[in-house]
Structure formats: C-alpha cells, structure tokens
file my_file07.txt (compact mmCIF, C-alpha atoms)
# COMPACT_ATOMS: atom_id res chain seq x y z
CA MET V 7 -12.62 38.06 24.96
CA VAL V 8 -13.46 35.19 22.56
CA ASP V 9 -16.44 36.00 20.35
CA ASP V 10 -19.23 33.54 19.54
CA LYS V 11 -17.70 32.72 16.17
CA HIS V 12 -14.65 31.19 17.84
CA LYS V 13 -16.20 29.62 20.93
CA ASP V 14 -16.03 25.99 19.86
CA LYS V 15 -12.36 25.29 19.26
CA LEU V 16 -13.13 21.59 18.71
CA SER V 17 -15.68 22.08 15.93
CA PHE V 18 -13.19 20.85 13.34
CA ILE V 19 -13.17 17.45 15.09
CA ASP V 20 -16.96 17.13 14.90
CA ALA V 21 -16.91 18.21 11.27
CA GLU V 22 -14.30 15.63 10.30
CA LEU V 23 -15.95 12.78 12.20
CA ASP V 24 -19.32 13.68 10.66
CA ARG V 25 -17.75 13.76 7.20
CA ARG V 26 -16.20 10.35 7.66
CA ASN V 27 -19.40 8.91 9.08
CA ASP V 28 -21.41 10.22 6.11
CA ARG V 29 -18.91 8.65 3.68
CA ARG V 30 -18.83 5.31 5.52
CA GLN V 31 -15.16 5.93 6.38
CA LEU V 32 -15.37 6.22 10.16
CA ARG V 33 -12.95 3.76 11.72
CA LYS V 34 -13.30 2.01 15.07
CA ILE V 35 -11.01 -0.37 16.92
CA ARG V 36 -12.16 -3.61 18.51
CA ASN V 37 -10.62 -5.94 21.04
CA VAL V 38 -9.20 -9.12 19.52
CA LEU V 39 -8.04 -12.16 21.48
CA PRO V 40 -5.71 -14.46 19.51
CA LEU V 41 -6.63 -18.12 19.96
CA ASN V 42 -3.92 -19.59 17.74
CA GLY V 43 -2.08 -18.63 14.55
CA VAL V 44 -5.22 -18.34 12.41
CA GLU V 45 -8.14 -17.93 14.81
CA VAL V 46 -9.20 -15.01 16.99
CA ASN V 47 -12.00 -14.30 19.42
CA ILE V 48 -14.05 -11.13 18.85
CA ASP V 49 -16.98 -10.27 21.12
CA GLY V 50 -17.03 -13.83 22.45
CA ARG V 51 -17.08 -15.44 18.99
CA PRO V 52 -14.22 -17.47 17.49
CA MET V 53 -13.37 -16.42 13.93
CA LEU V 54 -11.08 -17.64 11.20
CA ASN V 55 -8.62 -14.80 10.67
CA PHE V 56 -7.64 -13.74 7.14
CA CYS V 57 -6.54 -10.21 8.17
CA SER V 58 -3.22 -10.89 9.85
CA ASN V 59 0.19 -10.13 8.33
CA ASP V 60 1.65 -13.07 10.29
CA TYR V 61 2.50 -14.76 7.00
CA LEU V 62 4.65 -17.55 8.46
CA GLY V 63 2.70 -17.99 11.68
CA LEU V 64 5.70 -17.03 13.81
CA SER V 65 3.90 -14.74 16.26
CA MET V 66 3.09 -17.72 18.50
CA HIS V 67 6.14 -19.82 17.70
CA PRO V 68 7.70 -21.28 20.87
CA LEU V 69 11.23 -20.20 19.92
CA LEU V 70 10.21 -16.53 19.62
CA GLN V 71 8.49 -16.71 22.99
CA GLU V 72 11.44 -18.45 24.62
CA ARG V 73 13.99 -16.00 23.19
CA SER V 74 11.84 -13.05 24.32
CA ILE V 75 11.74 -14.39 27.86
CA GLU V 76 15.49 -15.06 27.76
CA PHE V 77 16.20 -11.46 26.75
CA ILE V 78 13.87 -10.09 29.44
CA HIS V 79 15.64 -12.09 32.13
CA LYS V 80 19.04 -10.89 30.96
CA TYR V 81 18.31 -7.26 30.02
CA GLY V 82 15.05 -6.29 31.73
CA SER V 83 11.76 -5.09 30.27
CA GLY V 84 12.89 -1.82 28.66
CA ALA V 85 15.88 -0.37 26.84
CA THR V 86 15.70 2.76 29.06
CA ALA V 87 16.99 5.22 26.43
CA SER V 88 17.66 5.81 22.76
CA ARG V 89 20.33 3.77 21.03
CA LEU V 90 22.66 6.78 20.97
CA ILE V 91 22.43 7.29 24.73
CA CYS V 92 22.55 3.95 26.59
CA GLY V 93 19.87 1.87 24.88
CA ASN V 94 22.15 0.16 22.37
CA TYR V 95 22.44 -3.08 24.34
CA ASP V 96 24.97 -5.64 23.21
CA PHE V 97 22.35 -7.79 21.48
CA TYR V 98 21.97 -5.29 18.62
CA GLU V 99 25.30 -5.95 16.91
CA PRO V 100 24.89 -9.73 16.46
CA VAL V 101 21.26 -9.33 15.34
CA GLU V 102 22.19 -6.65 12.78
CA ASN V 103 25.15 -8.67 11.52
CA LYS V 104 22.92 -11.72 11.10
CA LEU V 105 20.35 -9.63 9.23
CA ALA V 106 22.94 -8.02 6.95
CA GLN V 107 24.29 -11.43 5.97
CA LEU V 108 20.81 -12.73 5.18
CA LYS V 109 19.93 -9.60 3.18
CA GLN V 110 23.26 -9.82 1.30
CA VAL V 111 24.33 -6.28 2.20
CA GLU V 112 27.22 -4.71 4.09
CA ALA V 113 25.22 -3.48 7.06
CA ALA V 114 21.85 -3.33 8.76
CA LEU V 115 20.23 -1.06 11.32
CA VAL V 116 17.27 -2.06 13.49
CA MET V 117 14.62 0.64 13.84
CA SER V 118 11.51 0.98 16.01
CA SER V 119 8.76 0.52 13.39
CA GLY V 120 8.23 0.42 9.65
CA PHE V 121 6.09 3.56 9.63
CA GLN V 122 8.60 5.46 11.74
CA ALA V 123 11.44 4.28 9.52
CA ASN V 124 9.86 5.51 6.30
CA ILE V 125 8.78 8.88 7.64
CA SER V 126 12.26 9.57 8.98
CA VAL V 127 14.72 8.01 6.52
CA ILE V 128 13.33 9.81 3.46
CA PRO V 129 13.67 13.30 5.00
CA ALA V 130 17.16 12.29 6.14
CA LEU V 131 18.14 11.50 2.54
CA ALA V 132 16.51 14.44 0.74
CA ASP V 133 17.01 18.17 1.00
CA SER V 134 14.84 21.04 -0.23
CA HIS V 135 16.49 20.85 -3.67
CA SER V 136 15.85 17.13 -4.17
CA LEU V 137 13.30 15.35 -6.37
CA ILE V 138 11.49 12.23 -5.18
CA LEU V 139 9.76 9.94 -7.67
CA SER V 140 7.14 7.91 -5.82
CA ASP V 141 4.96 5.02 -7.00
CA GLN V 142 1.27 5.95 -7.19
CA LEU V 143 0.22 3.15 -4.82
CA ASN V 144 2.97 3.46 -2.24
CA HIS V 145 2.10 2.84 1.40
CA ASN V 146 1.06 5.87 3.44
CA SER V 147 4.32 5.77 5.39
CA LEU V 148 6.28 6.37 2.19
CA ILE V 149 3.86 9.11 1.15
CA GLN V 150 4.21 10.86 4.51
CA GLY V 151 7.98 10.49 4.37
CA CYS V 152 8.01 12.19 0.97
CA ARG V 153 5.86 15.04 2.30
CA LEU V 154 8.11 15.52 5.31
CA ALA V 155 11.13 15.79 3.03
CA CYS V 156 9.79 19.22 1.97
CA CYS V 157 11.03 18.89 -1.60
CA ARG V 158 9.40 18.29 -4.97
CA VAL V 159 7.61 14.93 -5.26
CA ALA V 160 6.42 13.51 -8.59
CA VAL V 161 4.15 10.47 -8.61
CA TYR V 162 4.60 7.91 -11.39
CA ARG V 163 1.87 5.52 -12.51
CA HIS V 164 1.72 2.36 -10.48
CA ASN V 165 4.43 -0.12 -11.48
CA ASP V 166 4.86 1.73 -14.79
CA LEU V 167 8.60 1.79 -15.37
CA SER V 168 8.18 3.48 -18.73
CA HIS V 169 6.50 6.43 -16.98
CA LEU V 170 9.24 6.42 -14.35
CA ALA V 171 11.88 6.45 -17.11
CA GLN V 172 10.11 9.37 -18.76
CA LEU V 173 10.16 11.37 -15.52
CA LEU V 174 13.82 10.54 -14.97
CA GLU V 175 14.66 11.64 -18.50
CA GLN V 176 12.73 14.89 -18.11
CA ASN V 177 14.33 15.81 -14.79
CA PHE V 178 17.85 14.38 -14.98
CA ASP V 179 19.48 17.70 -15.95
CA LYS V 180 17.16 20.06 -14.05
CA GLY V 181 19.69 20.87 -11.34
CA TYR V 182 18.23 18.79 -8.50
CA SER V 183 20.69 18.04 -5.71
CA ARG V 184 19.68 14.38 -6.01
CA ILE V 185 16.86 12.26 -7.40
CA LEU V 186 15.34 9.56 -5.22
CA ILE V 187 13.00 6.74 -6.27
CA ALA V 188 10.68 5.29 -3.59
CA THR V 189 8.64 2.13 -4.03
CA GLU V 190 7.47 -1.05 -2.35
CA SER V 191 8.57 -4.49 -3.50
CA VAL V 192 5.20 -6.11 -2.68
CA PHE V 193 2.38 -3.58 -2.56
CA SER V 194 0.42 -3.90 0.65
CA MET V 195 -3.08 -3.19 -0.68
CA ASP V 196 -2.80 -4.94 -4.06
CA GLY V 197 -0.42 -7.85 -3.52
CA ASP V 198 1.46 -7.25 -6.77
CA VAL V 199 5.22 -6.98 -7.15
CA VAL V 200 7.64 -4.54 -8.70
CA ASP V 201 9.97 -5.39 -11.59
CA MET V 202 13.05 -5.22 -9.38
CA GLY V 203 15.61 -5.77 -12.13
CA GLY V 204 14.09 -3.08 -14.35
CA LEU V 205 13.83 -0.66 -11.43
CA VAL V 206 17.46 -1.15 -10.43
CA ALA V 207 18.60 -0.66 -14.02
CA LEU V 208 16.69 2.61 -14.29
CA ALA V 209 18.13 3.91 -11.04
CA GLU V 210 21.65 3.05 -12.19
CA ASN V 211 21.18 4.63 -15.64
CA PHE V 212 20.06 7.94 -14.14
CA ASN V 213 22.22 7.85 -11.00
CA ALA V 214 19.07 7.95 -8.85
CA PHE V 215 19.03 6.91 -5.18
CA LEU V 216 16.74 3.86 -4.86
CA ILE V 217 14.65 3.19 -1.75
CA VAL V 218 12.64 -0.05 -1.63
CA ASP V 219 10.22 -1.00 1.14
CA ASP V 220 10.54 -4.80 1.32
CA ALA V 221 8.15 -5.20 4.26
CA HIS V 222 5.61 -7.61 2.75
CA ALA V 223 8.28 -9.70 1.00
CA THR V 224 10.56 -10.15 4.02
CA GLY V 225 10.22 -13.71 5.28
CA VAL V 226 8.07 -14.76 2.33
CA LEU V 227 9.86 -14.17 -0.98
CA GLY V 228 13.41 -14.09 -2.32
CA ARG V 229 16.57 -15.93 -1.34
CA GLN V 230 16.00 -17.73 1.99
CA GLY V 231 12.79 -15.75 2.26
CA MET V 232 14.66 -12.54 2.91
CA GLY V 233 12.85 -10.37 0.39
CA LEU V 234 12.76 -9.48 -3.28
CA THR V 235 15.64 -7.04 -2.87
CA CYS V 236 18.19 -9.78 -2.12
CA GLY V 237 20.87 -9.99 -4.78
CA HIS V 238 20.07 -6.56 -6.21
CA ASP V 239 22.16 -3.41 -5.87
CA ILE V 240 19.73 -1.16 -4.00
CA ASP V 241 20.82 1.91 -2.07
CA LEU V 242 18.42 1.48 0.85
CA VAL V 243 16.05 -1.33 1.75
CA VAL V 244 13.48 -0.83 4.49
CA GLY V 245 11.65 -3.76 6.02
CA THR V 246 9.75 -4.89 9.09
CA PHE V 247 9.69 -7.71 11.61
CA GLY V 248 6.01 -7.19 12.44
CA LYS V 249 4.71 -9.19 9.49
CA ALA V 250 6.30 -12.51 8.52
CA GLY V 251 8.80 -11.92 11.33
CA GLY V 252 6.01 -12.43 13.87
CA SER V 253 7.22 -9.68 16.18
CA PHE V 254 7.73 -5.92 15.87
CA GLY V 255 10.27 -3.37 14.72
CA ALA V 256 11.90 -2.49 11.42
CA TYR V 257 15.26 -2.53 9.71
CA LEU V 258 17.39 -0.73 7.18
CA ALA V 259 19.66 -2.80 4.91
CA CYS V 260 22.36 -0.79 3.18
CA SER V 261 26.07 -0.01 2.90
CA GLU V 262 28.22 0.56 5.97
CA LYS V 263 28.62 4.21 4.96
CA LEU V 264 24.86 4.76 4.73
CA ARG V 265 24.36 3.04 8.09
CA THR V 266 26.77 5.52 9.67
CA TYR V 267 24.96 8.39 7.95
CA MET V 268 21.59 7.23 9.31
CA ILE V 269 22.95 6.91 12.83
CA ASN V 270 23.93 10.57 12.58
CA CYS V 271 21.07 12.01 10.50
CA CYS V 272 17.91 9.89 10.90
CA SER V 273 15.64 11.42 13.54
CA GLY V 274 13.62 8.22 13.82
CA LEU V 275 16.66 6.48 15.26
CA ILE V 276 18.26 9.36 17.15
CA TYR V 277 15.28 10.62 19.14
CA THR V 278 13.37 7.50 20.15
CA THR V 279 13.79 4.91 22.88
CA ALA V 280 15.31 1.67 21.64
CA LEU V 281 13.14 -1.42 21.23
CA PRO V 282 12.43 -3.45 24.39
CA PRO V 283 14.80 -6.42 24.81
CA ALA V 284 11.93 -8.93 24.53
CA VAL V 285 11.11 -7.63 21.03
CA VAL V 286 14.72 -7.92 19.86
CA GLY V 287 14.84 -11.43 21.32
CA ALA V 288 11.87 -12.39 19.15
CA ILE V 289 13.53 -10.76 16.12
CA ASP V 290 16.70 -12.76 16.77
CA ALA V 291 14.72 -16.02 16.93
CA ALA V 292 12.78 -15.20 13.76
CA LEU V 293 16.02 -14.59 11.86
CA ASP V 294 17.17 -18.04 12.95
CA LEU V 295 13.96 -19.66 11.72
CA ILE V 296 13.06 -17.86 8.50
CA PRO V 297 15.89 -19.15 6.25
CA GLY V 298 14.84 -22.76 6.92
CA MET V 299 11.11 -22.27 6.25
CA GLU V 300 11.13 -22.97 2.52
CA ALA V 301 8.39 -25.60 2.82
CA GLU V 302 6.11 -23.08 4.55
CA ARG V 303 6.81 -20.50 1.84
CA LYS V 304 5.98 -22.96 -0.93
CA LEU V 305 2.75 -23.97 0.82
CA LEU V 306 1.80 -20.31 1.31
CA GLN V 307 2.26 -19.45 -2.37
CA ALA V 308 0.49 -22.64 -3.51
CA ASN V 309 -2.50 -21.82 -1.32
CA ALA V 310 -2.51 -18.22 -2.57
CA ALA V 311 -2.54 -19.42 -6.19
CA TYR V 312 -5.36 -21.87 -5.39
CA LEU V 313 -7.44 -19.14 -3.73
CA ARG V 314 -6.88 -16.66 -6.56
CA GLY V 315 -7.85 -19.28 -9.12
CA SER V 316 -11.03 -20.16 -7.23
CA LEU V 317 -11.98 -16.49 -6.90
CA HIS V 318 -11.46 -15.92 -10.62
CA GLU V 319 -13.68 -18.92 -11.42
CA MET V 320 -16.44 -17.28 -9.37
CA GLY V 321 -16.02 -14.02 -11.25
CA TRP V 322 -14.20 -12.02 -8.57
CA SER V 323 -11.35 -9.72 -9.55
CA THR V 324 -8.12 -9.92 -7.54
CA GLY V 325 -6.35 -7.16 -9.45
CA SER V 326 -2.70 -7.88 -10.22
CA SER V 327 -2.06 -9.90 -7.05
CA SER V 328 0.61 -12.58 -7.31
CA THR V 329 1.46 -13.00 -3.63
CA GLN V 330 -0.07 -13.95 -0.28
CA ILE V 331 -1.96 -10.62 -0.28
CA ILE V 332 -5.16 -11.07 -2.26
CA PRO V 333 -7.60 -8.16 -2.70
CA VAL V 334 -11.13 -8.90 -3.82
CA MET V 335 -12.13 -5.77 -5.71
CA ILE V 336 -15.62 -4.54 -4.87
CA GLY V 337 -15.80 -0.83 -5.77
CA PRO V 338 -18.42 0.99 -3.65
CA VAL V 339 -17.63 1.42 0.05
CA ALA V 340 -21.06 0.21 1.15
CA ASP V 341 -20.72 -3.05 -0.80
CA ALA V 342 -17.26 -3.78 0.62
CA LEU V 343 -18.54 -3.16 4.16
CA ALA V 344 -21.59 -5.35 3.56
CA LEU V 345 -19.44 -8.23 2.31
CA SER V 346 -17.05 -7.91 5.25
CA SER V 347 -20.03 -8.01 7.64
CA TRP V 348 -21.46 -11.07 5.88
CA LEU V 349 -18.14 -12.89 6.23
CA GLU V 350 -17.99 -11.99 9.92
CA GLU V 351 -21.52 -13.30 10.43
CA ASN V 352 -20.21 -16.56 9.02
CA GLY V 353 -17.20 -16.68 11.34
CA ILE V 354 -14.56 -15.26 8.97
CA LEU V 355 -12.62 -12.07 9.69
CA ILE V 356 -11.68 -10.19 6.50
CA SER V 357 -11.68 -6.41 6.80
CA ALA V 358 -13.02 -4.00 4.22
CA ILE V 359 -10.35 -1.66 2.87
CA ARG V 360 -11.76 1.69 1.74
CA PRO V 361 -10.73 5.27 1.01
CA PRO V 362 -8.59 7.03 2.03
CA THR V 363 -6.43 3.89 2.35
CA VAL V 364 -7.20 3.00 -1.26
CA PRO V 365 -8.36 5.27 -4.12
CA GLU V 366 -12.03 6.22 -4.47
CA GLY V 367 -14.05 3.54 -6.24
CA THR V 368 -11.61 0.73 -5.40
CA SER V 369 -12.91 -0.45 -2.02
CA ARG V 370 -12.21 -4.10 -1.43
CA ILE V 371 -11.85 -6.86 1.06
CA ARG V 372 -8.23 -7.96 1.44
CA LEU V 373 -7.23 -11.51 2.32
CA SER V 374 -3.83 -12.05 3.91
CA LEU V 375 -2.81 -15.69 3.91
CA SER V 376 -0.64 -17.43 6.47
CA ALA V 377 1.36 -20.62 6.12
CA LEU V 378 -0.85 -21.90 8.97
CA HIS V 379 -3.99 -21.66 6.85
CA THR V 380 -5.01 -25.09 5.59
CA ARG V 381 -6.77 -25.91 2.34
CA LYS V 382 -9.85 -26.56 4.49
CA HIS V 383 -9.69 -22.99 5.83
CA ILE V 384 -9.41 -21.61 2.30
CA ASP V 385 -12.28 -23.76 1.03
CA ARG V 386 -14.42 -22.39 3.84
CA VAL V 387 -13.77 -18.83 2.65
CA ILE V 388 -14.51 -19.82 -0.95
CA ASP V 389 -17.79 -21.44 0.12
CA VAL V 390 -18.96 -18.38 2.07
CA LEU V 391 -18.05 -16.06 -0.82
CA GLN V 392 -19.96 -18.33 -3.19
CA LYS V 393 -23.01 -18.15 -0.93
CA TRP V 394 -22.74 -14.34 -0.99
CA ARG V 395 -22.68 -14.45 -4.79
CA SER V 396 -25.75 -16.68 -4.88
CA ARG V 397 -27.50 -14.41 -2.42
CA LYS V 398 -26.88 -11.32 -4.54
CA SER V 399 -27.79 -12.88 -7.91

call {"tool": "encode", "arguments": {"input": "my_file07.txt", "output": "structure tokens"}}
result
Amino acid sequence: MVDDKHKDKLSFIDAELDRRNDRRQLRKIRNVLPLNGVEVNIDGRPMLNFCSNDYLGLSMHPLLQERSIEFIHKYGSGATASRLICGNYDFYEPVENKLAQLKQVEAALVMSSGFQANISVIPALADSHSLILSDQLNHNSLIQGCRLACCRVAVYRHNDLSHLAQLLEQNFDKGYSRILIATESVFSMDGDVVDMGGLVALAENFNAFLIVDDAHATGVLGRQGMGLTCGHDIDLVVGTFGKAGGSFGAYLACSEKLRTYMINCCSGLIYTTALPPAVVGAIDAALDLIPGMEAERKLLQANAAYLRGSLHEMGWSTGSSSTQIIPVMIGPVADALALSSWLEENGILISAIRPPTVPEGTSRIRLSLSALHTRKHIDRVIDVLQKWRSRKS
C-alpha cells in the first residue's frame, strides 16, 4: 500500500515547472510558418526573422529541394534501418568523400544530428581513466557528452589558452589514460572564435586528443566556407548541416582510422536509423553550392560588422562577437524577455536567451544573420532597438 507521502509520483514535475515559471525560465514552443529565407509567419503575423541559423539562406534553395525530391524518388522516404544493418544506401560514400575533400581530411562520417554526435562521440573516445578539458562556454551537447563519458572533466576559462595550458601542465603526468580537449570553433551563444592555431599547438605539445565542434563555422568561415578547422591538424571535427547547410544531420571529419573506430564504437551511429534519403539529397546539394558562395559569405560578414558597429554606437554590448552570431547583452532575465517582446510587437523575431542556456546574469537577445538579410532589414532592427533605448531613457 502506498502511503500519503508517496501518492503523487508526478510532484517533481509540478515543482520543476513552478520553479522555472517563478524564475522566468519556462519555455514554450510556437508554430512558425516560413514565408521565405528571412521572414516567418507567427500567429497570423509576418515577422522579420533574426533567429534562424540558416546563415547562407540554403533551406529554401531550389537545388536542395530538387535534390531531395530526386533522392526520394530513387530511394524512398526512409532509410529503414541503421547504417550498420541495411540503411547505408549507396549515396553515403560519394557524399562523405566530397565532404572529406572539402574539409581537407582523410575521411568523413555522416551522423544523424549535431547533438547526438557530441553526446556519443565523446563517450566513445574516453574511458573512466580519461581527463577531458572543456571550454567554460561549450554548447550543452558537448557538456552532456563529457558527463556521459563518466570520467574526470575539468573546465577551463572561456577561450583562455593560458588556463588550458596550465591544466595540461598540471595533469600531463597524472596517469590518465588519455587527455581530451573539447571546444567549439565559433561559440553559439557569444559569436566569438577560438584561437585555432594556439589550440592545435597546445594539443600537440601535450599529446592531447583535440575535438572541435565546427558547427557554426561550417559554410560560413574558412577555406571555401568549410569551417575554421580546415588546414589544421585536428583529431576530430564535428559539424552540422542544419545551420549554413540549410538541411539537417551532422558529420565527423577525421582520419580513416578514427572513422573506422567510430563505426565500431560510437553508439550514436550504431544504434540509430540512418538519415532519410531526402535529407542526404539536400546535404549533397549544399556541399555542391557552399564552396562557390564566397560573395554571400563576404556580404554576411560585412553586414555583421555593420550591425555590431551600429549597436556599439547606441551603447549596446555585443560581447566578443566577431561573426554572424551577435548577442546583445542585457543581464536580467525580465529585461531580455521585455526587449524580445518589444521587437516582436514591431514585427521582428529575436529570441531572448536566458539561463540555464547562458550563465546567470548574462541574459541576452541573440541575432543570427543570414546572407539573405539586406542592409534595409538590418537598419530596421537598428531603428527598433533605438526606439527601445529612447523609450527606456
């Protein structure tokens, strides 16, 4: 017989939802209808969208749509099984070879999603006697991957290679089976970049295994837009196709030996159904387009620099951003939510980012620019933010 004390087995759910509601952290999802590359319809209202990670505007590109349809007609709507059973259709090899060549590595491996990749590749690489050194502002997928590795994790100060070097020096001879370093190349909440050359040198000096998440640089930065890791000797690069690639899915870029190891040891590949053919068709088309989109990349970075400069002139802080991701630092959760609501009232969609996604006291709105945004679009955002400033002063 269950006593009164234990009657409500769902009380923990109520408690957590109440806690989040009290702290202004309760999340909800809303229906969004895309109208074009930079506009969406929400609740019957068209809005200029500055939330999307579609940095090159490829999600509605005709070639991606055509290639998706082509793959559906040839292969059907689903892969029917994992890649190790019968889901490894013959389109994977040419797509992975194309990707490896663009990333300047021996081999590549297409995965189901960026989050799934990070939470499964890190445990595959570490054992209980390993040490992982993780950047303080790493994406949650990297954080969860480190936790699932069930080994010691030490966090180094954000982008502070001197602190990382100190931790490497302190732990180099402590008997760990291996030392891994995990970081992003472009940080998703702050829009700043890692010192890739310095990071690679440190990893080499201390014989550490280097993992770099290149998700927000893929398509946008580096040689042929293929990321900041290109041309560097990095043990494992993780990236996605769901951002500048305009589609979905993820990839690993590495040596042929490591690819074989992941096929045998990475649960995120072994135990999940392969991507639908239509998705891989879109990936294939994006890889054909991205190398030739240098003009779009230059426009994107020029517009980002213009927006950052205008925000600074108005007195807004954009942190250390130097990319198409531009946070406007607010601080209190309530203020970030109020500003996001004001922007939405004025037809602009820019979400508030708040704890636990970012540290306490660093709530912000985050603008993600696309190559399809025009200077007129950006000026509209600047004007509305200026009106908010005038309203509050």

call {"tool": "closest_residue", "arguments": {"input": "my_file07.txt", "among": "V:Ser316, V:Ser183, V:Gln142, V:Asn55", "to": "Arg163 in chain V", "atoms": "only C-alpha atoms"}}
result
V:Gln142

call {"tool": "residues_around", "arguments": {"input": "my_file07.txt", "residues": "Val339 in chain V", "least_positions_apart": "3", "cutoff": "12 Å", "atoms": "only C-alpha atoms", "output": "list in words"}}
result
Arg26, Asn27, Asp28, Arg29, Arg30, Gln31, Leu32, Met335, Ile336, Ala342, Leu343, Ala344, Leu345, Ser346, Ser357, Ala358, Ile359, Arg360, Pro361, Pro362, Thr363, Val364, Pro365, Glu366, Gly367, Thr368, Ser369, Arg370 and Ile371 of chain V

call {"tool": "atom_distance", "arguments": {"input": "my_file07.txt", "atom1": "CA of Val116 in chain V", "atom2": "CA of Phe254 in chain V"}}
result
10.6 Å

call {"tool": "atom_distance", "arguments": {"input": "my_file07.txt", "atom1": "CA of Asp141 in chain V", "atom2": "CA of Tyr162 in chain V"}}
result
5.3 Å

call {"tool": "closest_residue", "arguments": {"input": "my_file07.txt", "among": "V:Ile185, V:Ile48, V:Ile240, V:Met299", "to": "Asp219 in chain V", "atoms": "only C-alpha atoms"}}
result
V:Ile240
